[in-house]
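Q: After the structure tokens below, expect a handful of questions from me.
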Amino acid sequence: MMAEVARPARYKYSTEELMEMVDLFNVSAEGQKAIREVLNREASVPNSMLFRYYNDRSKVVELEKQFCRKIGSKYALAVNSGTSALIAALVAAGVGPGDEVIVPAYTFFASVSAIVVAKAIPVVTEIDESLCLDPAAVEENITPRTKAIMVVHMQGHPAKMDALKDIAKKHNLWLIEDVAQACGGKYKGKYLGTWGDIGCTSFDAYKVIGTGEGGMVYTDNEWFYTRAQSYHDTAACWRPDRYASERKEGELFCGENYRLSEMAGAVGLAQMRKLDWINDSTRKIFHQLRDEIKLPACAKWVEPNDSEGVCGYRLGIIFDTVENAKKAINAEAGFGGLAGGGMQGARDWHFYWYWEHLMLQRTATSEGCPFKCPHVKDLPKYSEDMCPRTKDIMMRTVFTSIEPTDTPEWASSYAENVNEKFQKAFK
Ligand SMILES: Cc1ncc(COP(=O)(O)O)c(C=O)c1O
């Protein structure tokens, strides 16, 4: 009999493959050489894992734990985008065919799309001048078919969570918070996403913290967590005991794959360490600019519902007319930003009047589900004029962006510059 030959250890990821990641960051040739040397020397760990389950060094699991500790939520599930977080949350709450979900007329279209993908009907509802859902308009839009309210904390601004929570309770509705644009923001001292039944955030490229693509579903409700976990993992394959049968009806069902990769998890952990610094820094400059910029008589600040809980990366001004808003963003006034208001005329997916997929009820197949689903009664009337107040507000609102690296000195010079230009433009 031949002597047994030891089987070589299996290295899934070689140094060269890991170097592709390093290359993303434009590291110099000497830098890359130094990193390659370290990886060659130390990184040859057999069976290193970029998959979150059965991985005792899982960065994704650690990210979930840290997120729970930070935000004060009992359960957190990392997923691969903010959109998938919203879909998993809706499914977890049992939202489906024939159900209506209230959603603001000013949000990124992903909030609406998630509702349609979850087979429910979006009921597009007016915002107020805080840029978030108007509680009175929410109440007006409730029907016997309403199952949930999806509140969105737009541009880092917290919505009126106490009023919305009361409405949800009164009408027995689930309250789902889309915190994609406000990770780490608070309302009355409590983190956004923990006021309602489920919070969902995004870690995509433009968000407060990012993992390239990614998101988080968080809740105190164990059953919602279990169902979100099932849905995000194809068929609940990797539950704590993957071989166990269904513990309770509603745990096992056909799902999708929204699992977050370990590479994104590692980036997320590092980003979490900066969350407070990012929000504290932008909030400070947000307040400084509000103190130092002198608004013309025809303008007012977008007033956050909680000025201490705002994320602070976006400062908004509401003008009395569209013409004055345009004047403010033109070169003369010098106040504008990437996320200018609705008057800029770009086909911007944050404004409901550009949501033609919804207006025309465009769906992936010609059967038109869920809009034409037999469970649906009295579809809302979708049109460019369905939320005139939102359109009016957003056509008169302009924004400027604040970065966490902005300094008080920069802010003072920016404010001075804007003051001069406003004085000229609005004399
Ligand atoms: C309000 C809102 N909801 C949901 C999303 C979707 O997040 P993601 O891009 O991570 O899918 C976004 C992203 O821009 C957003 O701004």
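Just remember, in the structure tokens the first chain shown is A, the second B, etc., residues are 1-based per chain, and ligands are 1-based in the order shown.
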Could you list the protein, DNA and RNA residues that have any atom within 9 Å of ligand 1, counting only C-alpha atoms and all ligand atoms, and write them as a VMD selection string?
A: chain A and resid 80 to 86 106 to 112 114 152 to 155 178 to 182 200 to 207 212 to 215 350
Q: What's around segment 141-149 of chain A at 6 Å? Count only C-alpha atoms, leave out sequence neighbours fewer than 6 positions away in its own chain, and write the answer as a PyMOL selection string.
A: chain A and resi 99-102+173-175
Q: Which residues are near Ala118 of chain A? Cut-off 9 Å, only C-alpha atoms, ignore same chain within fewer than 5 positions. Put them as a PDB file with C-alpha atoms, in the first residue's frame.
A:
```
ATOM      1  CA  ILE A  87     -38.376  44.259   0.566  1.00  0.00           C
ATOM      2  CA  ALA A  88     -37.323  41.834   3.324  1.00  0.00           C
ATOM      3  CA  LEU A  90     -42.251  44.262   4.056  1.00  0.00           C
ATOM      4  CA  VAL A  91     -42.279  40.496   3.530  1.00  0.00           C
ATOM      5  CA  VAL A  95     -47.330  42.723   3.552  1.00  0.00           C
ATOM      6  CA  GLY A  96     -48.505  41.224   0.253  1.00  0.00           C
ATOM      7  CA  PRO A  97     -51.195  41.039  -2.445  1.00  0.00           C
ATOM      8  CA  SER A 113     -40.305  49.853  -5.946  1.00  0.00           C
ATOM      9  CA  PRO A 370     -49.569  43.476  -8.383  1.00  0.00           C
TER      10      PRO A 370
END
```
Q: Can you list every residue of segment 59-147 of chain A that has an atom at most 10 Å from segment 312-319 of chain A, with its nearest atom pair and the distance in Å to one decimal, using only C-alpha atoms, ordered by chain then number, as a Markdown table?
A:
```
| residue | atom | partner | partner_atom | distance |
| --- | --- | --- | --- | --- |
| A:Glu129 | CA | A:Ile318 | CA | 8.3 |
| A:Ser130 | CA | A:Gly316 | CA | 9.6 |
| A:Leu131 | CA | A:Gly316 | CA | 9.4 |
```
Q: For Gly250 of chain A, which residue among A:Tyr54, A:Trp238, A:Trp223, A:Tyr187 is the nearest when counting only C-alpha atoms?
A: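 Selected residue with least distance to Gly250 of chain A: A:Trp223.
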Q: Quick one: of A:Glu20, A:Glu262, A:Glu62, A:Glu126, who's nearest to Ile393 of chain A, counting only C-alpha atoms?
A: A:Glu126
Q: Residues of segment 283-364 of chain A classed as strand (DSSP E) by DSSP on the backbone are to be reported as an MDAnalysis selection string.
A: chainID A and resid 299:301 314:319
